[in-house]
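Asks: So that you have it, the file is work-v5.cif, and it contains mmCIF, C-alpha atoms:
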data_data
loop_
_atom_site.group_PDB
_atom_site.id
_atom_site.type_symbol
_atom_site.label_atom_id
_atom_site.label_comp_id
_atom_site.auth_asym_id
_atom_site.auth_seq_id
_atom_site.Cartn_x
_atom_site.Cartn_y
_atom_site.Cartn_z
ATOM 1 C CA MET A 65 11.392 -21.536 -29.227
ATOM 2 C CA LYS A 66 10.740 -18.831 -26.646
ATOM 3 C CA ALA A 67 8.534 -20.034 -23.810
ATOM 4 C CA ASP A 68 5.334 -18.139 -23.051
ATOM 5 C CA VAL A 69 5.625 -16.019 -19.936
ATOM 6 C CA GLU A 70 2.545 -16.157 -17.775
ATOM 7 C CA LYS A 71 1.222 -12.723 -16.894
ATOM 8 C CA PRO A 72 1.174 -11.972 -13.166
ATOM 9 C CA ARG A 73 -2.323 -12.230 -11.729
ATOM 10 C CA LEU A 74 -3.829 -8.866 -10.930
ATOM 11 C CA ASP A 75 -5.058 -8.326 -7.383
ATOM 12 C CA PRO A 76 -8.853 -8.851 -7.614
ATOM 13 C CA ARG A 77 -9.350 -6.541 -4.641
ATOM 14 C CA LEU A 78 -8.106 -3.599 -6.722
ATOM 15 C CA ASN A 79 -8.832 -4.669 -10.288
ATOM 16 C CA ALA A 80 -12.370 -5.079 -11.583
ATOM 17 C CA TYR A 81 -12.370 -8.315 -13.545
ATOM 18 C CA ARG A 82 -14.425 -11.509 -13.570
ATOM 19 C CA GLU A 83 -14.619 -14.472 -15.926
ATOM 20 C CA ASP A 84 -17.434 -12.774 -17.851
ATOM 21 C CA LEU A 85 -16.639 -9.081 -17.487
ATOM 22 C CA ALA A 86 -13.916 -6.548 -16.742
ATOM 23 C CA ALA A 87 -13.316 -2.817 -16.562
ATOM 24 C CA GLU A 88 -12.376 -1.234 -19.895
ATOM 25 C CA SER A 89 -9.126 -0.018 -18.322
ATOM 26 C CA LEU A 90 -8.003 -3.653 -18.005
ATOM 27 C CA ARG A 91 -8.290 -4.424 -21.718
ATOM 28 C CA GLY A 92 -5.109 -6.203 -22.767
ATOM 29 C CA LYS A 93 -4.301 -7.113 -19.163
ATOM 30 C CA VAL A 94 -6.966 -9.768 -18.557
ATOM 31 C CA GLU A 95 -8.916 -12.151 -20.769
ATOM 32 C CA THR A 96 -12.700 -11.900 -20.624
ATOM 33 C CA PRO A 97 -15.471 -11.781 -23.252
ATOM 34 C CA ARG A 98 -16.670 -8.277 -22.376
ATOM 35 C CA PHE A 99 -15.198 -4.982 -21.224
ATOM 36 C CA VAL A 100 -17.243 -2.015 -19.977
ATOM 37 C CA ALA A 101 -16.366 1.561 -19.057
ATOM 38 C CA GLY A 102 -18.803 1.556 -16.147
ATOM 39 C CA THR A 103 -21.104 4.245 -14.773
ATOM 40 C CA LYS A 104 -20.363 6.660 -11.935
ATOM 41 C CA LYS A 105 -22.778 6.560 -8.996
ATOM 42 C CA GLN A 106 -22.852 7.841 -5.414
ATOM 43 C CA VAL A 107 -23.586 6.210 -2.055
ATOM 44 C CA ILE A 108 -26.780 7.510 -0.421
ATOM 45 C CA ARG A 109 -26.789 5.372 2.731
ATOM 46 C CA THR A 110 -24.917 5.817 6.001
ATOM 47 C CA ALA A 111 -22.417 3.027 5.350
ATOM 48 C CA VAL A 112 -22.727 0.307 2.736
ATOM 49 C CA ALA A 113 -21.146 -3.111 3.191
ATOM 50 C CA LEU A 114 -18.925 -4.071 0.264
ATOM 51 C CA ARG A 115 -18.877 -7.851 -0.141
ATOM 52 C CA ARG A 116 -16.782 -10.239 -2.187
ATOM 53 C CA ARG A 117 -19.891 -12.006 -3.517
ATOM 54 C CA PRO A 118 -23.417 -10.731 -4.309
ATOM 55 C CA ALA A 119 -24.969 -12.168 -1.165
ATOM 56 C CA ALA A 120 -25.821 -10.737 2.253
ATOM 57 C CA THR A 121 -24.080 -13.735 3.832
ATOM 58 C CA ALA A 122 -20.788 -13.087 2.010
ATOM 59 C CA GLY A 123 -17.801 -11.730 3.892
ATOM 60 C CA LEU A 124 -17.585 -7.999 4.619
ATOM 61 C CA ASP A 125 -14.438 -6.616 2.991
ATOM 62 C CA THR A 126 -14.922 -2.908 3.656
ATOM 63 C CA GLU A 127 -17.557 -0.179 3.818
ATOM 64 C CA ALA A 128 -18.427 2.688 1.490
ATOM 65 C CA LEU A 129 -19.641 5.801 3.294
ATOM 66 C CA PHE A 130 -22.357 8.317 2.477
ATOM 67 C CA GLY A 131 -21.364 10.527 -0.456
ATOM 68 C CA GLU A 132 -18.615 8.284 -1.798
ATOM 69 C CA VAL A 133 -18.379 8.039 -5.583
ATOM 70 C CA LEU A 134 -17.826 4.698 -7.282
ATOM 71 C CA THR A 135 -17.997 3.045 -10.685
ATOM 72 C CA VAL A 136 -20.683 0.443 -11.392
ATOM 73 C CA TYR A 137 -19.682 -2.203 -13.928
ATOM 74 C CA ASP A 138 -22.677 -4.517 -13.614
ATOM 75 C CA GLU A 139 -26.063 -4.786 -11.889
ATOM 76 C CA ALA A 140 -28.052 -7.972 -11.378
ATOM 77 C CA ASP A 141 -30.545 -9.308 -8.844
ATOM 78 C CA GLY A 142 -30.366 -6.190 -6.688
ATOM 79 C CA TRP A 143 -26.562 -6.103 -6.502
ATOM 80 C CA ALA A 144 -24.086 -3.735 -8.131
ATOM 81 C CA TRP A 145 -20.544 -4.840 -8.918
ATOM 82 C CA ILE A 146 -18.462 -1.745 -8.251
ATOM 83 C CA GLN A 147 -15.062 -0.175 -7.718
ATOM 84 C CA LEU A 148 -14.604 2.564 -5.125
ATOM 85 C CA GLU A 149 -13.059 5.822 -6.276
ATOM 86 C CA ARG A 150 -11.486 6.376 -2.862
ATOM 87 C CA ASP A 151 -9.140 3.407 -2.686
ATOM 88 C CA GLY A 152 -9.950 1.289 -5.736
ATOM 89 C CA TYR A 153 -11.536 -1.562 -3.794
ATOM 90 C CA VAL A 154 -13.771 -3.890 -5.843
ATOM 91 C CA GLY A 155 -16.855 -5.757 -4.673
ATOM 92 C CA TYR A 156 -20.619 -5.960 -4.493
ATOM 93 C CA VAL A 157 -23.011 -3.519 -2.805
ATOM 94 C CA PRO A 158 -26.830 -3.285 -2.803
ATOM 95 C CA ALA A 159 -27.868 -1.457 -5.969
ATOM 96 C CA ASN A 160 -30.553 0.540 -4.128
ATOM 97 C CA ALA A 161 -27.847 2.118 -1.931
ATOM 98 C CA LEU A 162 -26.610 4.099 -4.927
ATOM 99 C CA SER A 163 -27.799 7.157 -6.829
ATOM 100 C CA ALA A 164 -27.087 8.033 -10.445
ATOM 101 C CA GLU A 165 -27.138 11.725 -9.501
ATOM 102 C CA ILE A 166 -23.638 12.775 -8.439
ATOM 103 C CA ARG A 167 -23.449 15.724 -6.064
ATOM 104 C CA PRO A 168 -19.789 16.813 -5.801
ATOM 105 C CA ALA A 169 -18.681 17.005 -2.188
ATOM 106 C CA THR A 170 -17.696 20.329 -0.656
ATOM 107 C CA HIS A 171 -17.438 19.223 2.975
ATOM 108 C CA ARG A 172 -16.982 16.092 5.061
ATOM 109 C CA VAL A 173 -18.084 14.948 8.517
ATOM 110 C CA SER A 174 -15.272 15.690 10.981
ATOM 111 C CA ALA A 175 -16.945 14.362 14.150
ATOM 112 C CA LEU A 176 -16.859 10.604 14.775
ATOM 113 C CA GLY A 177 -20.504 10.681 13.806
ATOM 114 C CA THR A 178 -23.423 13.042 13.393
ATOM 115 C CA PHE A 179 -27.024 13.065 12.180
ATOM 116 C CA LEU A 180 -28.840 14.223 9.093
ATOM 117 C CA TYR A 181 -32.042 16.049 10.086
ATOM 118 C CA PRO A 182 -35.079 16.800 7.910
ATOM 119 C CA VAL A 183 -35.234 20.363 9.263
ATOM 120 C CA PRO A 184 -32.679 22.592 11.053
ATOM 121 C CA ASP A 185 -33.774 21.449 14.524
ATOM 122 C CA ILE A 186 -31.870 18.951 16.712
ATOM 123 C CA LYS A 187 -35.168 17.895 18.318
ATOM 124 C CA SER A 188 -36.518 16.605 15.009
ATOM 125 C CA PRO A 189 -36.233 12.844 14.338
ATOM 126 C CA PRO A 190 -33.036 12.351 12.278
ATOM 127 C CA ILE A 191 -33.148 10.864 8.807
ATOM 128 C CA MET A 192 -29.928 8.921 9.256
ATOM 129 C CA HIS A 193 -26.587 8.719 11.018
ATOM 130 C CA LEU A 194 -23.481 9.962 9.171
ATOM 131 C CA SER A 195 -19.994 8.705 9.972
ATOM 132 C CA ILE A 196 -16.686 10.536 10.067
ATOM 133 C CA ASN A 197 -15.388 11.244 6.542
ATOM 134 C CA ALA A 198 -18.857 10.999 5.001
ATOM 135 C CA GLN A 199 -18.840 13.256 1.922
ATOM 136 C CA LEU A 200 -21.316 16.151 1.891
ATOM 137 C CA ALA A 201 -22.507 18.530 -0.817
ATOM 138 C CA VAL A 202 -23.338 21.681 1.159
ATOM 139 C CA GLU A 203 -25.798 24.096 -0.422
ATOM 140 C CA GLU A 204 -25.974 26.848 2.202
ATOM 141 C CA LYS A 205 -25.570 27.747 5.874
ATOM 142 C CA VAL A 206 -28.786 27.951 7.910
ATOM 143 C CA ASP A 207 -28.143 29.185 11.453
ATOM 144 C CA ARG A 208 -26.168 26.390 13.175
ATOM 145 C CA PHE A 209 -26.715 23.953 10.324
ATOM 146 C CA TYR A 210 -25.518 23.174 6.824
ATOM 147 C CA LYS A 211 -28.227 22.425 4.305
ATOM 148 C CA LEU A 212 -27.225 19.640 1.917
ATOM 149 C CA ALA A 213 -27.888 19.779 -1.810
ATOM 150 C CA GLY A 214 -29.772 16.486 -1.664
ATOM 151 C CA GLY A 215 -31.917 17.574 1.262
ATOM 152 C CA GLY A 216 -31.435 17.465 5.017
ATOM 153 C CA PHE A 217 -29.443 19.449 7.559
ATOM 154 C CA VAL A 218 -26.246 18.684 9.489
ATOM 155 C CA VAL A 219 -24.968 20.512 12.590
ATOM 156 C CA ASP A 220 -22.181 22.831 11.440
ATOM 157 C CA ARG A 221 -19.827 21.963 14.323
ATOM 158 C CA HIS A 222 -19.630 18.377 13.076
ATOM 159 C CA VAL A 223 -18.556 19.332 9.548
ATOM 160 C CA THR A 224 -15.453 20.756 7.889
ATOM 161 C CA GLU A 225 -14.513 21.830 4.384
ATOM 162 C CA LEU A 226 -12.777 19.220 2.241
ATOM 163 C CA ALA A 227 -9.704 21.431 2.048
ATOM 164 C CA ARG A 228 -9.345 21.353 5.837
ATOM 165 C CA GLY A 229 -8.704 18.366 8.055
ATOM 166 C CA ALA A 230 -7.312 16.997 11.287
ATOM 167 C CA ARG A 231 -3.758 18.022 12.089
ATOM 168 C CA ASP A 232 -2.869 14.686 13.707
ATOM 169 C CA PHE A 233 -4.262 11.402 12.418
ATOM 170 C CA VAL A 234 -3.226 9.677 15.657
ATOM 171 C CA ASP A 235 -5.563 11.984 17.547
ATOM 172 C CA VAL A 236 -8.397 10.839 15.276
ATOM 173 C CA ALA A 237 -7.520 7.184 15.915
ATOM 174 C CA GLU A 238 -7.503 7.773 19.675
ATOM 175 C CA ARG A 239 -11.044 9.145 19.465
ATOM 176 C CA PHE A 240 -12.179 5.669 18.374
ATOM 177 C CA ILE A 241 -11.148 4.070 21.688
ATOM 178 C CA GLY A 242 -13.921 1.732 22.838
ATOM 179 C CA THR A 243 -15.357 1.255 19.341
ATOM 180 C CA PRO A 244 -16.257 -2.434 18.820
ATOM 181 C CA TYR A 245 -14.036 -4.488 16.551
ATOM 182 C CA LEU A 246 -15.706 -5.349 13.236
ATOM 183 C CA TRP A 247 -13.927 -7.098 10.390
ATOM 184 C CA GLY A 248 -14.246 -4.770 7.386
ATOM 185 C CA GLY A 249 -15.713 -1.908 9.449
ATOM 186 C CA ARG A 250 -14.883 1.771 8.906
ATOM 187 C CA THR A 251 -17.205 3.611 11.352
ATOM 188 C CA ARG A 252 -17.666 4.188 15.079
ATOM 189 C CA VAL A 253 -20.291 1.429 14.993
ATOM 190 C CA GLY A 254 -17.493 -1.045 14.254
ATOM 191 C CA ILE A 255 -13.974 -0.892 12.805
ATOM 192 C CA ASP A 256 -10.992 -3.146 12.114
ATOM 193 C CA CYS A 257 -7.262 -2.484 12.430
ATOM 194 C CA SER A 258 -6.544 -1.365 8.868
ATOM 195 C CA GLY A 259 -9.844 0.493 8.735
ATOM 196 C CA LEU A 260 -8.728 2.515 11.763
ATOM 197 C CA VAL A 261 -5.479 3.431 10.004
ATOM 198 C CA GLN A 262 -7.241 4.340 6.761
ATOM 199 C CA ILE A 263 -10.129 6.374 8.195
ATOM 200 C CA SER A 264 -7.812 8.274 10.585
ATOM 201 C CA MET A 265 -5.294 9.127 7.884
ATOM 202 C CA GLU A 266 -8.064 10.185 5.500
ATOM 203 C CA ALA A 267 -9.404 12.580 8.146
ATOM 204 C CA ALA A 268 -5.956 14.198 8.141
ATOM 205 C CA GLY A 269 -5.820 14.405 4.351
ATOM 206 C CA LEU A 270 -3.457 11.454 3.953
ATOM 207 C CA LYS A 271 -4.258 8.701 1.461
ATOM 208 C CA ALA A 272 -4.072 5.111 2.654
ATOM 209 C CA PRO A 273 -4.961 1.811 1.009
ATOM 210 C CA ARG A 274 -7.545 -0.421 2.672
ATOM 211 C CA ASP A 275 -5.880 -3.659 3.795
ATOM 212 C CA THR A 276 -2.954 -4.310 6.110
ATOM 213 C CA ASP A 277 -0.695 -5.868 3.472
ATOM 214 C CA MET A 278 -1.314 -2.914 1.148
ATOM 215 C CA GLN A 279 -0.562 -0.443 3.937
ATOM 216 C CA GLN A 280 2.668 -2.208 4.869
ATOM 217 C CA ALA A 281 3.787 -2.163 1.245
ATOM 218 C CA GLU A 282 2.800 1.420 0.406
ATOM 219 C CA LEU A 283 2.902 3.603 3.528
ATOM 220 C CA GLY A 284 5.963 5.279 4.991
ATOM 221 C CA ASP A 285 9.579 4.184 5.223
ATOM 222 C CA PRO A 286 10.834 1.174 7.187
ATOM 223 C CA ILE A 287 12.686 1.719 10.427
ATOM 224 C CA PRO A 288 14.683 -0.889 12.386
ATOM 225 C CA ILE A 289 12.880 -3.316 14.674
ATOM 226 C CA THR A 290 15.070 -3.318 17.781
ATOM 227 C CA PRO A 291 14.990 -6.016 20.483
ATOM 228 C CA ASN A 292 13.678 -3.492 23.006
ATOM 229 C CA LEU A 293 11.290 -1.835 20.509
ATOM 230 C CA ASP A 294 12.848 1.533 21.254
ATOM 231 C CA GLY A 295 13.281 4.601 19.070
ATOM 232 C CA LEU A 296 9.628 4.781 18.060
ATOM 233 C CA GLN A 297 7.548 7.939 17.809
ATOM 234 C CA ARG A 298 3.979 9.127 17.432
ATOM 235 C CA GLY A 299 2.451 8.031 14.145
ATOM 236 C CA ASP A 300 4.711 5.040 13.484
ATOM 237 C CA LEU A 301 2.798 2.066 12.090
ATOM 238 C CA VAL A 302 3.602 -1.377 13.519
ATOM 239 C CA PHE A 303 2.748 -4.365 11.320
ATOM 240 C CA TRP A 304 2.246 -8.028 12.013
ATOM 241 C CA PRO A 305 0.980 -10.496 9.396
ATOM 242 C CA GLY A 306 -2.678 -9.423 9.102
ATOM 243 C CA HIS A 307 -2.561 -6.733 11.792
ATOM 244 C CA VAL A 308 -1.473 -3.117 12.255
ATOM 245 C CA GLY A 309 -1.294 -0.647 15.129
ATOM 246 C CA ILE A 310 -0.519 3.072 15.461
ATOM 247 C CA MET A 311 2.029 4.359 17.944
ATOM 248 C CA CYS A 312 0.709 7.138 20.220
ATOM 249 C CA ASP A 313 4.213 7.796 21.541
ATOM 250 C CA ALA A 314 7.389 5.781 22.057
ATOM 251 C CA VAL A 315 5.607 3.188 24.222
ATOM 252 C CA MET A 316 1.835 3.091 23.735
ATOM 253 C CA MET A 317 -0.045 1.829 20.688
ATOM 254 C CA VAL A 318 -3.679 2.291 19.627
ATOM 255 C CA HIS A 319 -5.246 -0.476 17.542
ATOM 256 C CA ALA A 320 -8.518 -2.188 16.766
ATOM 257 C CA ASN A 321 -7.977 -5.777 17.782
ATOM 258 C CA ALA A 322 -9.853 -9.048 18.134
ATOM 259 C CA HIS A 323 -8.268 -9.800 21.533
ATOM 260 C CA HIS A 324 -10.158 -6.970 23.226
ATOM 261 C CA MET A 325 -12.801 -6.884 20.445
ATOM 262 C CA ALA A 326 -12.443 -3.104 20.512
ATOM 263 C CA VAL A 327 -10.137 -0.195 19.788
ATOM 264 C CA THR A 328 -7.734 0.013 22.718
ATOM 265 C CA ILE A 329 -4.483 1.655 23.790
ATOM 266 C CA GLU A 330 -1.839 -0.562 25.355
ATOM 267 C CA PRO A 331 1.955 -0.807 25.579
ATOM 268 C CA LEU A 332 3.443 -2.045 22.314
ATOM 269 C CA ALA A 333 5.680 -4.488 24.198
ATOM 270 C CA GLU A 334 2.659 -6.027 25.900
ATOM 271 C CA ALA A 335 0.764 -6.432 22.640
ATOM 272 C CA ALA A 336 3.835 -7.819 20.853
ATOM 273 C CA GLN A 337 4.382 -10.411 23.565
ATOM 274 C CA ARG A 338 0.752 -11.543 23.438
ATOM 275 C CA ILE A 339 0.681 -11.703 19.647
ATOM 276 C CA SER A 340 3.987 -13.615 19.523
ATOM 277 C CA LYS A 341 2.297 -16.441 21.433
ATOM 278 C CA THR A 342 0.114 -16.974 18.359
ATOM 279 C CA GLY A 343 3.243 -17.460 16.258
ATOM 280 C CA CYS A 344 3.287 -13.943 14.755
ATOM 281 C CA GLU A 345 6.182 -11.557 15.190
ATOM 282 C CA ILE A 346 6.403 -7.901 14.159
ATOM 283 C CA ALA A 347 6.903 -7.862 10.388
ATOM 284 C CA ALA A 348 7.696 -4.177 9.873
ATOM 285 C CA ILE A 349 7.584 -0.728 11.427
ATOM 286 C CA LYS A 350 6.940 2.135 9.005
ATOM 287 C CA ARG A 351 7.416 5.862 9.622
ATOM 288 C CA LEU A 352 5.251 8.401 7.816
ATOM 289 C CA PRO A 353 6.640 11.764 6.701
ATOM 290 C CA ALA A 354 3.871 13.686 8.501
ATOM 291 C CA LEU A 355 0.896 13.242 10.805
ATOM 292 C CA SER A 356 -1.282 15.302 8.522
ATOM 293 C CA ALA A 357 -1.449 16.959 5.147
ATOM 294 C CA TYR A 358 -2.504 20.124 6.985
ATOM 295 C CA SER A 359 0.375 20.466 9.445
ATOM 296 C CA GLY A 360 2.234 22.896 7.250
#
Starting from the file, lay out its structure as C-alpha cells.
Replies:
Amino acid sequence: MKADVEKPRLDPRLNAYREDLAAESLRGKVETPRFVAGTKKQVIRTAVALRRRPAATAGLDTEALFGEVLTVYDEADGWAWIQLERDGYVGYVPANALSAEIRPATHRVSALGTFLYPVPDIKSPPIMHLSINAQLAVEEKVDRFYKLAGGGFVVDRHVTELARGARDFVDVAERFIGTPYLWGGRTRVGIDCSGLVQISMEAAGLKAPRDTDMQQAELGDPIPITPNLDGLQRGDLVFWPGHVGIMCDAVMMVHANAHHMAVTIEPLAEAAQRISKTGCEIAAIKRLPALSAYSG
C-alpha cells in the first residue's frame, strides 16, 4: 500500500489560512471548514500595525502604509484579518483603519515623510503624517500642492508619480540614518533591518519580500563570502540569520540594528566581528541586477 505523503505546511505569513477559515485561493491546499474570496479595502491611516493575533499586545510583524490595498477575509471585535496586496503578508489590523472605497493610486510619497493638510497652506494644522511610499490618489495640482481624491493636500515636492522612482535604493536607505530601530517598522518613526531593505527597494521600483529569510531566498544572486570580505559593491545585501545589511560601497554597510537601536553606517568587517561574538556568521551575500528599476 502506498503511504500517504504529508503536504508541506504553507507559510502562514504569506498564506491566509486558520483552523476555521482560509482564502478561496487556498482551496485544495489546506483543510478548513470555510473558504472566502475576501473583500478589497484600503488603508486610511498613516501606518497601521499588522499583528499576528487580534490584540494590541500581540507582536508587530510589519506595517501597512496609507493608501495600501489589501484583502479582508474576516472581521470580528474591531479587528480585520487581512492579506496585503504589496507583499502578501497576512495578519490582523484594526478594522476602523480601512475603507471600503478604493481610490487607485497615481502617486506616492517620495520624501521620508510629509504631511496631509486640510487646505493648501503649510501653516494650517496637518491632518496626518504620511510616510515614504504612502500611496496617493491625486485629483489635481493646486499651486505648490497636490489635492487628493479623498480630501487633503500634500506638498508637491514630496510626491512623485508611481511610474517614477529613486534611481538608487541605497541612497534611500542612507536617508534613514538615525531612524530608531523598531521591530516590524517601515517608516522614519521606526524601522527594522528587513523593513529598511524593502522600503528602500520599493522606492526604487524594485519588489522585495518583507522578512530577512524571504529576502535571502528571493533577492539577487549569491556571491562568494571571502575571508577578507572583499569584492563587494554598492547595493550588495549581506545576510546573517535574522539580520540583513546593505553595502554602501566595498567597505561600509548601512543597516537598522538592535546594537545601536538605530539605522547606522559602519564598516562591514566591524559589524561582522561584533555579530560573530553572538554566534552568528554571515550566511550569504546577494548581488542585485540593478539599484533601481528606473536606472535605464
Asks: I'd like to know which of A:Thr276, A:Gln337, A:Thr135, A:Gln106 is closest to Gly306 (chain A), using all atoms listed in the file.
Replies: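 Comparing A:Thr276, A:Gln337, A:Thr135, A:Gln106 against Gly306 (chain A), the winner is A:Thr276.
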Asks: List the residues selected by the PyMOL selection byres ((chain A and resi 171) around 8) in the file shown, writing them as a PyMOL selection string.
Replies: chain A and resi 169-170+172-173+199-202+223-226
Asks: Mind checking which residues fall within 9 Å of Val253 (chain A), counting all atoms listed in the file, ignoring those fewer than 4 positions away in the same chain, and posting them as a JSON list (two decimals) with C-alpha atoms, keeping the file's coordinate frame?
Replies:
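Okay, this is what ended up in part-v4.json:
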[["chain", "number", "residue", "atom", "x", "y", "z"],
["A", 195, "SER", "CA", -19.99, 8.70, 9.97],
["A", 243, "THR", "CA", -15.36, 1.25, 19.34],
["A", 244, "PRO", "CA", -16.26, -2.43, 18.82],
["A", 245, "TYR", "CA", -14.04, -4.49, 16.55],
["A", 246, "LEU", "CA", -15.71, -5.35, 13.24],
["A", 249, "GLY", "CA", -15.71, -1.91, 9.45]]
Asks: Take CA of Phe217 (chain A) and CA of Ile263 (chain A) and report the distance between them in Å, one decimal.
Replies: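 Straight-line distance from CA of Phe217 (chain A) to CA of Ile263 (chain A) works out to 23.3 Å.
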Asks: Could you pull the residues within 7 Å of Asp220 (chain A), counting all atoms listed in the file, minus those fewer than 3 positions along the same chain, as an MDAnalysis selection string?
Replies: chainID A and resid 208:210 223
Asks: Quick one: residues within 12 Å of region 285-298 of chain A, all atoms listed in the file counted, chain neighbours fewer than 2 positions away excluded, as an mmCIF file with C-alpha atoms, in the frame of the given file?
Replies:
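And here's around-v4.cif as it stands now:
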data_model
loop_
_atom_site.group_PDB
_atom_site.id
_atom_site.type_symbol
_atom_site.label_atom_id
_atom_site.label_comp_id
_atom_site.auth_asym_id
_atom_site.auth_seq_id
_atom_site.Cartn_x
_atom_site.Cartn_y
_atom_site.Cartn_z
ATOM 1 C CA ASP A 232 -2.869 14.686 13.707
ATOM 2 C CA PHE A 233 -4.262 11.402 12.418
ATOM 3 C CA VAL A 234 -3.226 9.677 15.657
ATOM 4 C CA ASP A 235 -5.563 11.984 17.547
ATOM 5 C CA ALA A 237 -7.520 7.184 15.915
ATOM 6 C CA GLU A 238 -7.503 7.773 19.675
ATOM 7 C CA GLN A 279 -0.562 -0.443 3.937
ATOM 8 C CA GLN A 280 2.668 -2.208 4.869
ATOM 9 C CA ALA A 281 3.787 -2.163 1.245
ATOM 10 C CA GLU A 282 2.800 1.420 0.406
ATOM 11 C CA LEU A 283 2.902 3.603 3.528
ATOM 12 C CA ASP A 300 4.711 5.040 13.484
ATOM 13 C CA LEU A 301 2.798 2.066 12.090
ATOM 14 C CA VAL A 302 3.602 -1.377 13.519
ATOM 15 C CA PHE A 303 2.748 -4.365 11.320
ATOM 16 C CA TRP A 304 2.246 -8.028 12.013
ATOM 17 C CA GLY A 309 -1.294 -0.647 15.129
ATOM 18 C CA ILE A 310 -0.519 3.072 15.461
ATOM 19 C CA MET A 311 2.029 4.359 17.944
ATOM 20 C CA CYS A 312 0.709 7.138 20.220
ATOM 21 C CA ASP A 313 4.213 7.796 21.541
ATOM 22 C CA ALA A 314 7.389 5.781 22.057
ATOM 23 C CA VAL A 315 5.607 3.188 24.222
ATOM 24 C CA MET A 316 1.835 3.091 23.735
ATOM 25 C CA MET A 317 -0.045 1.829 20.688
ATOM 26 C CA VAL A 318 -3.679 2.291 19.627
ATOM 27 C CA PRO A 331 1.955 -0.807 25.579
ATOM 28 C CA LEU A 332 3.443 -2.045 22.314
ATOM 29 C CA ALA A 333 5.680 -4.488 24.198
ATOM 30 C CA GLU A 334 2.659 -6.027 25.900
ATOM 31 C CA ALA A 335 0.764 -6.432 22.640
ATOM 32 C CA ALA A 336 3.835 -7.819 20.853
ATOM 33 C CA GLN A 337 4.382 -10.411 23.565
ATOM 34 C CA GLU A 345 6.182 -11.557 15.190
ATOM 35 C CA ILE A 346 6.403 -7.901 14.159
ATOM 36 C CA ALA A 347 6.903 -7.862 10.388
ATOM 37 C CA ALA A 348 7.696 -4.177 9.873
ATOM 38 C CA ILE A 349 7.584 -0.728 11.427
ATOM 39 C CA LYS A 350 6.940 2.135 9.005
ATOM 40 C CA ARG A 351 7.416 5.862 9.622
ATOM 41 C CA LEU A 352 5.251 8.401 7.816
ATOM 42 C CA PRO A 353 6.640 11.764 6.701
ATOM 43 C CA ALA A 354 3.871 13.686 8.501
ATOM 44 C CA LEU A 355 0.896 13.242 10.805
#
Asks: Any chance you could resolve the PyMOL selection byres ((chain A and resi 214) around 9) against this file and give the residues as a list of chain:residue names?
Replies: A:Arg167, A:Ala201, A:Val202, A:Glu203, A:Lys211, A:Leu212, A:Ala213, A:Gly215, A:Gly216
Asks: Could you tell me how far CA of Ala320 (chain A) lies from CA of Val236 (chain A), in Å and to one decimal?
Replies: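 Value for the CA of Ala320 (chain A)-CA of Val236 (chain A) distance: 13.1 Å.
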Asks: Report, in Å with one decimal, the straight-line distance from CA of Asp275 (chain A) to CA of Arg98 (chain A).
Replies: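 Separation of CA of Asp275 (chain A) and CA of Arg98 (chain A): 28.7 Å.
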Asks: Could you spell out the hits of the PyMOL selection byres ((chain A and resi 327) around 6) on the shown file, as a list in words?
Replies: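 When the PyMOL selection byres ((chain A and resi 327) around 6) is applied to the shown file, the picked residues are Ile241, Gly242, Thr243, His319, Ala320, Ala326 and Thr328 of chain A.
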Asks: List the neighbours of Ala175 (chain A) out to 12 Å using all atoms listed in the file; skip same-chain residues closer than 6 positions along the sequence, and give me the result as a list in words.
Replies: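 Counting all atoms listed in the file, the residues come to His193, Leu194, Ser195, Ile196, Asn197, Ala198, Val218, Val219, Asp220, Arg221, His222, Val223, Thr224, Gly229, Ala230, Val236, Ala237, Arg239, Phe240, Thr251, Arg252, Ser264 and Ala267 of chain A.
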Asks: Next, write the just-selected residues to a file, as a PDB file, in the coordinates of the input, keeping C-alpha atoms as the atom set.
Replies:
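Wrote out.pdb, looks like this:
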ATOM      1  CA  HIS A 193     -26.587   8.719  11.018  1.00  0.00           C
ATOM      2  CA  LEU A 194     -23.481   9.962   9.171  1.00  0.00           C
ATOM      3  CA  SER A 195     -19.994   8.705   9.972  1.00  0.00           C
ATOM      4  CA  ILE A 196     -16.686  10.536  10.067  1.00  0.00           C
ATOM      5  CA  ASN A 197     -15.388  11.244   6.542  1.00  0.00           C
ATOM      6  CA  ALA A 198     -18.857  10.999   5.001  1.00  0.00           C
ATOM      7  CA  VAL A 218     -26.246  18.684   9.489  1.00  0.00           C
ATOM      8  CA  VAL A 219     -24.968  20.512  12.590  1.00  0.00           C
ATOM      9  CA  ASP A 220     -22.181  22.831  11.440  1.00  0.00           C
ATOM     10  CA  ARG A 221     -19.827  21.963  14.323  1.00  0.00           C
ATOM     11  CA  HIS A 222     -19.630  18.377  13.076  1.00  0.00           C
ATOM     12  CA  VAL A 223     -18.556  19.332   9.548  1.00  0.00           C
ATOM     13  CA  THR A 224     -15.453  20.756   7.889  1.00  0.00           C
ATOM     14  CA  GLY A 229      -8.704  18.366   8.055  1.00  0.00           C
ATOM     15  CA  ALA A 230      -7.312  16.997  11.287  1.00  0.00           C
ATOM     16  CA  VAL A 236      -8.397  10.839  15.276  1.00  0.00           C
ATOM     17  CA  ALA A 237      -7.520   7.184  15.915  1.00  0.00           C
ATOM     18  CA  ARG A 239     -11.044   9.145  19.465  1.00  0.00           C
ATOM     19  CA  PHE A 240     -12.179   5.669  18.374  1.00  0.00           C
ATOM     20  CA  THR A 251     -17.205   3.611  11.352  1.00  0.00           C
ATOM     21  CA  ARG A 252     -17.666   4.188  15.079  1.00  0.00           C
ATOM     22  CA  SER A 264      -7.812   8.274  10.585  1.00  0.00           C
ATOM     23  CA  ALA A 267      -9.404  12.580   8.146  1.00  0.00           C
TER      24      ALA A 267
END
Asks: Taking all atoms listed in the file into account, name the residue in A:Glu266, A:Glu95, A:Asp185, A:Glu88 that is nearest to Arg250 (chain A).
Replies: A:Glu266
Asks: Residues within 10 Å of Val112 (chain A), please, as a PyMOL selection string. Count all atoms listed in the file; anything in the same chain fewer than 6 positions from it doesn't count.
Replies: chain A and resi 124+126-130+156-158+161-162+249
Asks: Go through A:Leu85, A:Ile166, A:Ala357, A:Val136 and flag the residue nearest Ala227 (chain A), using only C-alpha atoms for the distances.
Replies: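 Using only C-alpha atoms, the shortest distance to Ala227 (chain A) belongs to A:Ala357.
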